[in-house]
$ cat start.json   # JSON, C-alpha atoms
[["chain", "number", "residue", "atom", "x", "y", "z"],
["A", 1, "MET", "CA", 30.98, 4.07, -20.18],
["A", 2, "VAL", "CA", 28.77, 5.74, -17.55],
["A", 3, "THR", "CA", 28.22, 3.95, -14.26],
["A", 4, "ILE", "CA", 25.16, 4.87, -12.23],
["A", 5, "GLN", "CA", 25.53, 4.24, -8.55],
["A", 6, "THR", "CA", 22.32, 3.51, -6.65],
["A", 7, "LYS", "CA", 21.72, 3.77, -2.94],
["A", 8, "SER", "CA", 21.10, 0.48, -1.16],
["A", 9, "LEU", "CA", 17.50, -0.09, -0.10],
["A", 10, "LYS", "CA", 18.39, -2.50, 2.71],
["A", 11, "ALA", "CA", 16.27, -1.98, 5.81],
["A", 12, "GLY", "CA", 17.08, -4.95, 8.06],
["A", 13, "LYS", "CA", 20.05, -6.96, 9.21],
["A", 14, "GLN", "CA", 20.93, -10.48, 10.20],
["A", 15, "VAL", "CA", 20.37, -11.16, 13.90],
["A", 16, "ASP", "CA", 21.52, -13.84, 16.32],
["A", 17, "THR", "CA", 19.74, -16.50, 18.39],
["A", 18, "LYS", "CA", 19.54, -14.25, 21.47],
["A", 19, "HIS", "CA", 17.70, -11.58, 19.46],
["A", 20, "VAL", "CA", 15.26, -14.13, 17.98],
["A", 21, "ASP", "CA", 14.57, -15.78, 21.35],
["A", 22, "ASN", "CA", 13.99, -12.40, 23.00],
["A", 23, "ALA", "CA", 11.62, -11.18, 20.26],
["A", 24, "ILE", "CA", 9.58, -14.41, 20.37],
["A", 25, "ARG", "CA", 9.45, -14.41, 24.18],
["A", 26, "ASN", "CA", 8.30, -10.77, 24.21],
["A", 27, "TYR", "CA", 5.64, -11.51, 21.61],
["A", 28, "LYS", "CA", 4.33, -14.54, 23.52],
["A", 29, "GLN", "CA", 4.11, -12.59, 26.76],
["A", 30, "GLU", "CA", 2.80, -9.29, 25.44],
["A", 31, "ARG", "CA", 0.47, -10.32, 22.61],
["A", 32, "TRP", "CA", 0.14, -14.02, 21.87],
["A", 33, "ALA", "CA", -1.32, -15.08, 25.24],
["A", 34, "GLN", "CA", -4.05, -12.42, 25.04],
["A", 35, "ASN", "CA", -4.77, -13.21, 21.38],
["A", 36, "SER", "CA", -5.11, -16.92, 22.19],
["A", 37, "GLU", "CA", -7.36, -16.24, 25.16],
["A", 38, "ARG", "CA", -9.62, -13.99, 23.06],
["A", 39, "LEU", "CA", -9.76, -16.59, 20.23],
["A", 40, "GLY", "CA", -10.43, -19.48, 22.58],
["A", 41, "LYS", "CA", -7.60, -21.47, 20.96],
["A", 42, "ALA", "CA", -3.86, -21.12, 20.44],
["A", 43, "ASP", "CA", -3.18, -18.35, 17.93],
["A", 44, "SER", "CA", -0.46, -18.91, 15.35],
["A", 45, "LEU", "CA", 3.10, -18.05, 16.35],
["A", 46, "SER", "CA", 4.78, -18.44, 12.99],
["A", 47, "VAL", "CA", 4.19, -18.76, 9.26],
["A", 48, "TRP", "CA", 6.36, -21.05, 7.13],
["A", 49, "TYR", "CA", 7.05, -20.73, 3.41],
["A", 50, "SER", "CA", 9.50, -22.78, 1.35],
["A", 51, "ILE", "CA", 12.49, -21.02, -0.18],
["A", 52, "GLU", "CA", 11.27, -22.26, -3.57],
["A", 53, "GLU", "CA", 7.91, -20.49, -3.34],
["A", 54, "LEU", "CA", 9.46, -17.30, -1.96],
["A", 55, "GLU", "CA", 11.99, -17.25, -4.81],
["A", 56, "GLU", "CA", 9.13, -17.67, -7.30],
["A", 57, "PHE", "CA", 7.19, -14.81, -5.70],
["A", 58, "ILE", "CA", 10.29, -12.59, -5.62],
["A", 59, "ALA", "CA", 10.96, -13.32, -9.31],
["A", 60, "LEU", "CA", 7.33, -12.48, -10.20],
["A", 61, "SER", "CA", 7.56, -9.31, -8.10],
["A", 62, "LYS", "CA", 10.73, -8.21, -9.91],
["A", 63, "GLU", "CA", 9.04, -8.85, -13.27],
["A", 64, "HIS", "CA", 6.42, -6.29, -12.24],
["A", 65, "GLY", "CA", 8.96, -3.69, -11.13],
["A", 66, "ALA", "CA", 9.10, -4.43, -7.40],
["A", 67, "ASP", "CA", 12.31, -3.83, -5.48],
["A", 68, "GLY", "CA", 11.08, -4.79, -2.02],
["A", 69, "LEU", "CA", 8.57, -6.77, 0.00],
["A", 70, "LYS", "CA", 6.34, -5.59, 2.81],
["A", 71, "MET", "CA", 5.14, -8.13, 5.35],
["A", 72, "TYR", "CA", 1.81, -7.27, 6.90],
["A", 73, "PHE", "CA", 0.52, -8.89, 10.06],
["A", 74, "GLY", "CA", -3.00, -10.07, 9.38],
["A", 75, "ALA", "CA", -5.69, -12.43, 10.59],
["A", 76, "TYR", "CA", -7.96, -14.82, 8.75],
["A", 77, "ASP", "CA", -11.72, -14.31, 8.96],
["A", 78, "LYS", "CA", -13.24, -15.77, 12.11],
["A", 79, "ASN", "CA", -15.72, -17.71, 9.97],
["A", 80, "ASN", "CA", -13.17, -19.06, 7.46],
["A", 81, "THR", "CA", -15.19, -21.86, 5.89],
["A", 82, "GLU", "CA", -12.52, -22.46, 3.22],
["A", 83, "ASP", "CA", -10.06, -23.63, 5.91],
["A", 84, "PRO", "CA", -11.59, -23.77, 9.42],
["A", 85, "LEU", "CA", -8.20, -24.49, 11.04],
["A", 86, "ARG", "CA", -7.05, -21.01, 9.97],
["A", 87, "ALA", "CA", -10.22, -19.27, 11.23],
["A", 88, "GLY", "CA", -9.35, -16.20, 13.33],
["A", 89, "ARG", "CA", -5.64, -16.99, 13.50],
["A", 90, "GLN", "CA", -2.98, -14.46, 12.58],
["A", 91, "THR", "CA", -0.86, -14.68, 9.45],
["A", 92, "ILE", "CA", 1.73, -12.83, 7.41],
["A", 93, "VAL", "CA", 0.71, -11.35, 4.05],
["A", 94, "ILE", "CA", 3.66, -10.55, 1.77],
["A", 95, "VAL", "CA", 3.13, -7.64, -0.64],
["A", 96, "ALA", "CA", 5.46, -6.63, -3.47],
["A", 97, "THR", "CA", 6.53, -2.97, -3.24],
["A", 98, "LYS", "CA", 8.39, -0.33, -5.22],
["A", 99, "HIS", "CA", 10.62, 2.17, -3.39],
["A", 100, "LYS", "CA", 9.63, 5.82, -3.69],
["A", 101, "GLU", "CA", 11.43, 8.95, -2.48],
["A", 102, "GLY", "CA", 12.60, 9.06, 1.12],
["A", 103, "ASN", "CA", 11.65, 6.06, 3.24],
["A", 104, "THR", "CA", 8.38, 5.37, 1.46],
["A", 105, "ASN", "CA", 7.29, 2.57, -0.78],
["A", 106, "LYS", "CA", 4.14, 1.77, -2.70],
["A", 107, "ASP", "CA", 2.37, -1.56, -3.11],
["A", 108, "VAL", "CA", 2.72, -3.03, -6.61],
["A", 109, "TYR", "CA", -0.53, -3.70, -8.49],
["A", 110, "ILE", "CA", -1.00, -6.03, -11.45],
["A", 111, "GLN", "CA", -3.83, -6.55, -13.92],
["A", 112, "THR", "CA", -5.79, -9.78, -13.50],
["A", 113, "GLU", "CA", -8.95, -11.14, -15.12],
["A", 114, "GLN", "CA", -10.87, -9.55, -12.24],
["A", 115, "GLY", "CA", -9.15, -6.16, -12.66],
["A", 116, "SER", "CA", -6.33, -4.45, -10.79],
["A", 117, "SER", "CA", -5.00, -6.35, -7.77],
["A", 118, "VAL", "CA", -2.13, -5.95, -5.32],
["A", 119, "LEU", "CA", 0.70, -8.44, -5.98],
["A", 120, "ALA", "CA", 0.67, -10.44, -2.75],
["A", 121, "TYR", "CA", 1.38, -13.86, -1.24],
["A", 122, "ASN", "CA", -0.27, -15.66, 1.70],
["A", 123, "MET", "CA", -1.57, -19.03, 2.90],
["A", 124, "GLY", "CA", 1.70, -20.28, 4.40],
["A", 125, "ALA", "CA", 1.84, -23.05, 6.98],
["A", 126, "ILE", "CA", 0.78, -21.29, 10.18],
["A", 127, "CYS", "CA", 1.87, -22.82, 13.47],
["A", 128, "PRO", "CA", -0.30, -23.73, 15.27],
["A", 129, "PRO", "CA", -2.10, -25.67, 13.87],
["A", 130, "PHE", "CA", 0.27, -26.78, 11.07],
["A", 131, "CYS", "CA", 3.40, -27.22, 13.20],
["A", 132, "GLY", "CA", 4.83, -30.48, 12.03],
["A", 133, "LYS", "CA", 6.46, -32.93, 14.40],
["A", 134, "ASP", "CA", 8.22, -30.69, 16.95],
["A", 135, "GLY", "CA", 6.38, -27.42, 16.42],
["A", 136, "GLY", "CA", 9.50, -25.38, 16.98],
["A", 137, "LEU", "CA", 7.69, -23.07, 19.37],
["A", 138, "GLY", "CA", 9.98, -23.24, 22.37],
["A", 139, "VAL", "CA", 8.73, -22.77, 25.91],
["A", 140, "THR", "CA", 7.93, -19.48, 27.63],
["A", 141, "ILE", "CA", 6.67, -19.00, 31.18],
["A", 142, "LEU", "CA", 3.86, -16.46, 31.37],
["A", 143, "ASP", "CA", 3.12, -14.75, 34.67],
["A", 144, "LYS", "CA", -0.65, -14.29, 34.78],
["A", 145, "GLY", "CA", -0.64, -12.58, 38.15],
["A", 146, "GLU", "CA", -3.45, -13.85, 40.37],
["A", 147, "GLU", "CA", -4.09, -16.69, 37.89],
["A", 148, "GLY", "CA", -0.58, -18.10, 38.36],
["A", 149, "PHE", "CA", 1.98, -19.13, 35.77],
["A", 150, "VAL", "CA", 1.38, -20.77, 32.41],
["A", 151, "LEU", "CA", 3.86, -22.59, 30.17],
["A", 152, "VAL", "CA", 3.53, -21.87, 26.45]]

$ encode --input "start.json" --output "structure tokens"
Amino acid sequence: MVTIQTKSLKAGKQVDTKHVDNAIRNYKQERWAQNSERLGKADSLSVWYSIEELEEFIALSKEHGADGLKMYFGAYDKNNTEDPLRAGRQTIVIVATKHKEGNTNKDVYIQTEQGSSVLAYNMGAICPPFCGKDGGLGVTILDKGEEGFVLV
């Protein structure tokens, strides 16, 4: 029997609470506040998906030859008439990928009734505005210089 050993494609690692808190605080201070000010409303800080739906998307991705997922930062159209609460807010778009040589990967495409399309997932529960009871946003103090401090 011949055994073929493959190289692991893992790119990330599990992190702790301190890492998560620091990354969120940095994001709020360096990007979120300016995004919200430009939008004229609080931009989204997170996107929630159920484990069930992610497992279904991963299974579908594997069926089409994917061995990874790429998560793109994106934003909904400013004039989103389909869902005005999402209008202009940022999101995460998940795209199925297939590893290529080196550190590259290619988006996976599938055939649909409309033709070839990237295999992707979106429309999670962005927060805000879909934050649930507690929101889970935490509090960060932003120093706005001459304008003072702001709690977010």

$ closest_residue --input "start.json" --among "A:Gly124, A:Asn103, A:Pro84, A:Glu37" --to "A:Ile51" --atoms "all atoms listed in the file"
A:Gly124

$ closest_residue --input "start.json" --among "A:Lys106, A:Lys10, A:His99, A:Arg89" --to "A:Ser44" --atoms "all atoms listed in the file"
A:Arg89

$ atom_distance --input "start.json" --atom1 "atom CA of A:Asn35" --atom2 "atom CA of A:Arg86"
14.0 Å

$ closest_residue --input "start.json" --among "A:Gln34, A:Gln111, A:Thr81, A:Gln90" --to "A:His64" --atoms "only C-alpha atoms"
A:Gln111

$ atom_distance --input "start.json" --atom1 "atom CA of A:Lys70" --atom2 "atom CA of A:Lys18"
24.4 Å

$ residues_around --input "start.json" --residues "A:Tyr76" --least-positions-apart "2" --cutoff "9 Å" --atoms "all atoms listed in the file" --output "PDB file with C-alpha atoms, keeping the file's coordinate frame"
ATOM      1  CA  GLY A  74      -3.000 -10.070   9.380  1.00  0.00           C
ATOM      2  CA  LYS A  78     -13.240 -15.770  12.110  1.00  0.00           C
ATOM      3  CA  ASN A  79     -15.720 -17.710   9.970  1.00  0.00           C
ATOM      4  CA  ASN A  80     -13.170 -19.060   7.460  1.00  0.00           C
ATOM      5  CA  ARG A  86      -7.050 -21.010   9.970  1.00  0.00           C
ATOM      6  CA  ALA A  87     -10.220 -19.270  11.230  1.00  0.00           C
ATOM      7  CA  GLY A  88      -9.350 -16.200  13.330  1.00  0.00           C
ATOM      8  CA  ARG A  89      -5.640 -16.990  13.500  1.00  0.00           C
ATOM      9  CA  GLN A  90      -2.980 -14.460  12.580  1.00  0.00           C
ATOM     10  CA  THR A  91      -0.860 -14.680   9.450  1.00  0.00           C
TER      11      THR A  91
END

$ residues_near_point --input "start.json" --point "(2.3, -13.8, 3.0)" --cutoff "9 Å" --atoms "all atoms listed in the file" --output "ChimeraX atom specification"
/A:47,49,71-73,91-95,120-124

$ atom_distance --input "start.json" --atom1 "atom CA of A:Val118" --atom2 "atom CA of A:Ser8"
24.5 Å

$ axis_aligned_box --input "start.json" --around "stretch 17-32 of chain A" --padding-each-side "6 Å" --output "JSON"
{"center_x": 9.9, "center_y": -12.9, "center_z": 22.4, "size_x": 31.6, "size_y": 19.2, "size_z": 20.8}

$ residues_around --input "start.json" --residues "A:Gly65" --least-positions-apart "2" --cutoff "12 Å" --atoms "only C-alpha atoms" --output "list of chain:residue names"
A:Ile58, A:Ala59, A:Leu60, A:Ser61, A:Lys62, A:Glu63, A:Asp67, A:Gly68, A:Leu69, A:Ala96, A:Thr97, A:Lys98, A:His99, A:Lys106, A:Asp107, A:Val108, A:Tyr109, A:Ile110, A:Leu119

$ closest_residue --input "start.json" --among "A:Ser117, A:Ser50, A:Glu55, A:Cys127" --to "A:Leu85" --atoms "all atoms listed in the file"
A:Cys127

$ build_atoms --input "start.json" --residues "stretch 31-57 of chain A" --atoms "N, CA and C atoms" --output "PDB file, in the frame of the given file"
ATOM      1  N   ARG A  31       1.561 -10.313  23.593  1.00  0.00           N
ATOM      2  CA  ARG A  31       0.470 -10.320  22.610  1.00  0.00           C
ATOM      3  C   ARG A  31      -0.172 -11.677  22.407  1.00  0.00           C
ATOM      4  N   TRP A  32       0.648 -12.705  22.232  1.00  0.00           N
ATOM      5  CA  TRP A  32       0.140 -14.020  21.870  1.00  0.00           C
ATOM      6  C   TRP A  32      -0.819 -14.589  22.916  1.00  0.00           C
ATOM      7  N   ALA A  33      -0.471 -14.506  24.190  1.00  0.00           N
ATOM      8  CA  ALA A  33      -1.320 -15.080  25.240  1.00  0.00           C
ATOM      9  C   ALA A  33      -2.714 -14.440  25.218  1.00  0.00           C
ATOM     10  N   GLN A  34      -2.765 -13.115  25.080  1.00  0.00           N
ATOM     11  CA  GLN A  34      -4.050 -12.420  25.040  1.00  0.00           C
ATOM     12  C   GLN A  34      -4.818 -12.762  23.760  1.00  0.00           C
ATOM     13  N   ASN A  35      -4.112 -12.843  22.631  1.00  0.00           N
ATOM     14  CA  ASN A  35      -4.770 -13.210  21.380  1.00  0.00           C
ATOM     15  C   ASN A  35      -5.394 -14.601  21.501  1.00  0.00           C
ATOM     16  N   SER A  36      -4.633 -15.542  22.045  1.00  0.00           N
ATOM     17  CA  SER A  36      -5.110 -16.920  22.190  1.00  0.00           C
ATOM     18  C   SER A  36      -6.312 -16.992  23.115  1.00  0.00           C
ATOM     19  N   GLU A  37      -6.254 -16.247  24.206  1.00  0.00           N
ATOM     20  CA  GLU A  37      -7.360 -16.240  25.160  1.00  0.00           C
ATOM     21  C   GLU A  37      -8.626 -15.684  24.489  1.00  0.00           C
ATOM     22  N   ARG A  38      -8.480 -14.601  23.742  1.00  0.00           N
ATOM     23  CA  ARG A  38      -9.620 -13.990  23.060  1.00  0.00           C
ATOM     24  C   ARG A  38     -10.192 -14.923  21.987  1.00  0.00           C
ATOM     25  N   LEU A  39      -9.309 -15.663  21.277  1.00  0.00           N
ATOM     26  CA  LEU A  39      -9.760 -16.590  20.230  1.00  0.00           C
ATOM     27  C   LEU A  39     -10.383 -17.866  20.799  1.00  0.00           C
ATOM     28  N   GLY A  40      -9.973 -18.231  22.002  1.00  0.00           N
ATOM     29  CA  GLY A  40     -10.430 -19.480  22.580  1.00  0.00           C
ATOM     30  C   GLY A  40      -9.650 -20.687  22.082  1.00  0.00           C
ATOM     31  N   LYS A  41      -8.505 -20.433  21.459  1.00  0.00           N
ATOM     32  CA  LYS A  41      -7.600 -21.470  20.960  1.00  0.00           C
ATOM     33  C   LYS A  41      -6.236 -20.821  20.760  1.00  0.00           C
ATOM     34  N   ALA A  42      -5.208 -21.654  20.644  1.00  0.00           N
ATOM     35  CA  ALA A  42      -3.860 -21.120  20.440  1.00  0.00           C
ATOM     36  C   ALA A  42      -3.778 -20.383  19.106  1.00  0.00           C
ATOM     37  N   ASP A  43      -3.384 -19.108  19.164  1.00  0.00           N
ATOM     38  CA  ASP A  43      -3.180 -18.350  17.930  1.00  0.00           C
ATOM     39  C   ASP A  43      -1.884 -18.826  17.280  1.00  0.00           C
ATOM     40  N   SER A  44      -1.697 -18.513  16.023  1.00  0.00           N
ATOM     41  CA  SER A  44      -0.460 -18.910  15.350  1.00  0.00           C
ATOM     42  C   SER A  44       0.706 -18.075  15.861  1.00  0.00           C
ATOM     43  N   LEU A  45       1.867 -18.713  15.911  1.00  0.00           N
ATOM     44  CA  LEU A  45       3.100 -18.050  16.350  1.00  0.00           C
ATOM     45  C   LEU A  45       4.070 -17.838  15.195  1.00  0.00           C
ATOM     46  N   SER A  46       3.866 -18.565  14.120  1.00  0.00           N
ATOM     47  CA  SER A  46       4.780 -18.440  12.990  1.00  0.00           C
ATOM     48  C   SER A  46       4.051 -18.798  11.698  1.00  0.00           C
ATOM     49  N   VAL A  47       4.670 -18.403  10.586  1.00  0.00           N
ATOM     50  CA  VAL A  47       4.190 -18.760   9.260  1.00  0.00           C
ATOM     51  C   VAL A  47       5.394 -19.271   8.487  1.00  0.00           C
ATOM     52  N   TRP A  48       5.259 -20.453   7.878  1.00  0.00           N
ATOM     53  CA  TRP A  48       6.360 -21.050   7.130  1.00  0.00           C
ATOM     54  C   TRP A  48       6.071 -21.046   5.641  1.00  0.00           C
ATOM     55  N   TYR A  49       7.083 -20.659   4.863  1.00  0.00           N
ATOM     56  CA  TYR A  49       7.050 -20.730   3.410  1.00  0.00           C
ATOM     57  C   TYR A  49       8.342 -21.402   2.961  1.00  0.00           C
ATOM     58  N   SER A  50       8.278 -22.173   1.879  1.00  0.00           N
ATOM     59  CA  SER A  50       9.500 -22.780   1.350  1.00  0.00           C
ATOM     60  C   SER A  50      10.324 -21.718   0.630  1.00  0.00           C
ATOM     61  N   ILE A  51      11.617 -21.927   0.566  1.00  0.00           N
ATOM     62  CA  ILE A  51      12.490 -21.020  -0.180  1.00  0.00           C
ATOM     63  C   ILE A  51      12.070 -20.997  -1.646  1.00  0.00           C
ATOM     64  N   GLU A  52      11.694 -22.166  -2.173  1.00  0.00           N
ATOM     65  CA  GLU A  52      11.270 -22.260  -3.570  1.00  0.00           C
ATOM     66  C   GLU A  52      10.113 -21.309  -3.875  1.00  0.00           C
ATOM     67  N   GLU A  53       9.071 -21.338  -3.048  1.00  0.00           N
ATOM     68  CA  GLU A  53       7.910 -20.490  -3.340  1.00  0.00           C
ATOM     69  C   GLU A  53       8.225 -19.019  -3.133  1.00  0.00           C
ATOM     70  N   LEU A  54       9.078 -18.700  -2.154  1.00  0.00           N
ATOM     71  CA  LEU A  54       9.460 -17.300  -1.960  1.00  0.00           C
ATOM     72  C   LEU A  54      10.291 -16.795  -3.135  1.00  0.00           C
ATOM     73  N   GLU A  55      11.196 -17.633  -3.632  1.00  0.00           N
ATOM     74  CA  GLU A  55      11.990 -17.250  -4.810  1.00  0.00           C
ATOM     75  C   GLU A  55      11.090 -17.006  -6.013  1.00  0.00           C
ATOM     76  N   GLU A  56      10.078 -17.852  -6.188  1.00  0.00           N
ATOM     77  CA  GLU A  56       9.130 -17.670  -7.300  1.00  0.00           C
ATOM     78  C   GLU A  56       8.361 -16.361  -7.147  1.00  0.00           C
ATOM     79  N   PHE A  57       7.923 -16.056  -5.924  1.00  0.00           N
ATOM     80  CA  PHE A  57       7.190 -14.810  -5.700  1.00  0.00           C
ATOM     81  C   PHE A  57       8.099 -13.601  -5.889  1.00  0.00           C
TER      82      PHE A  57
END
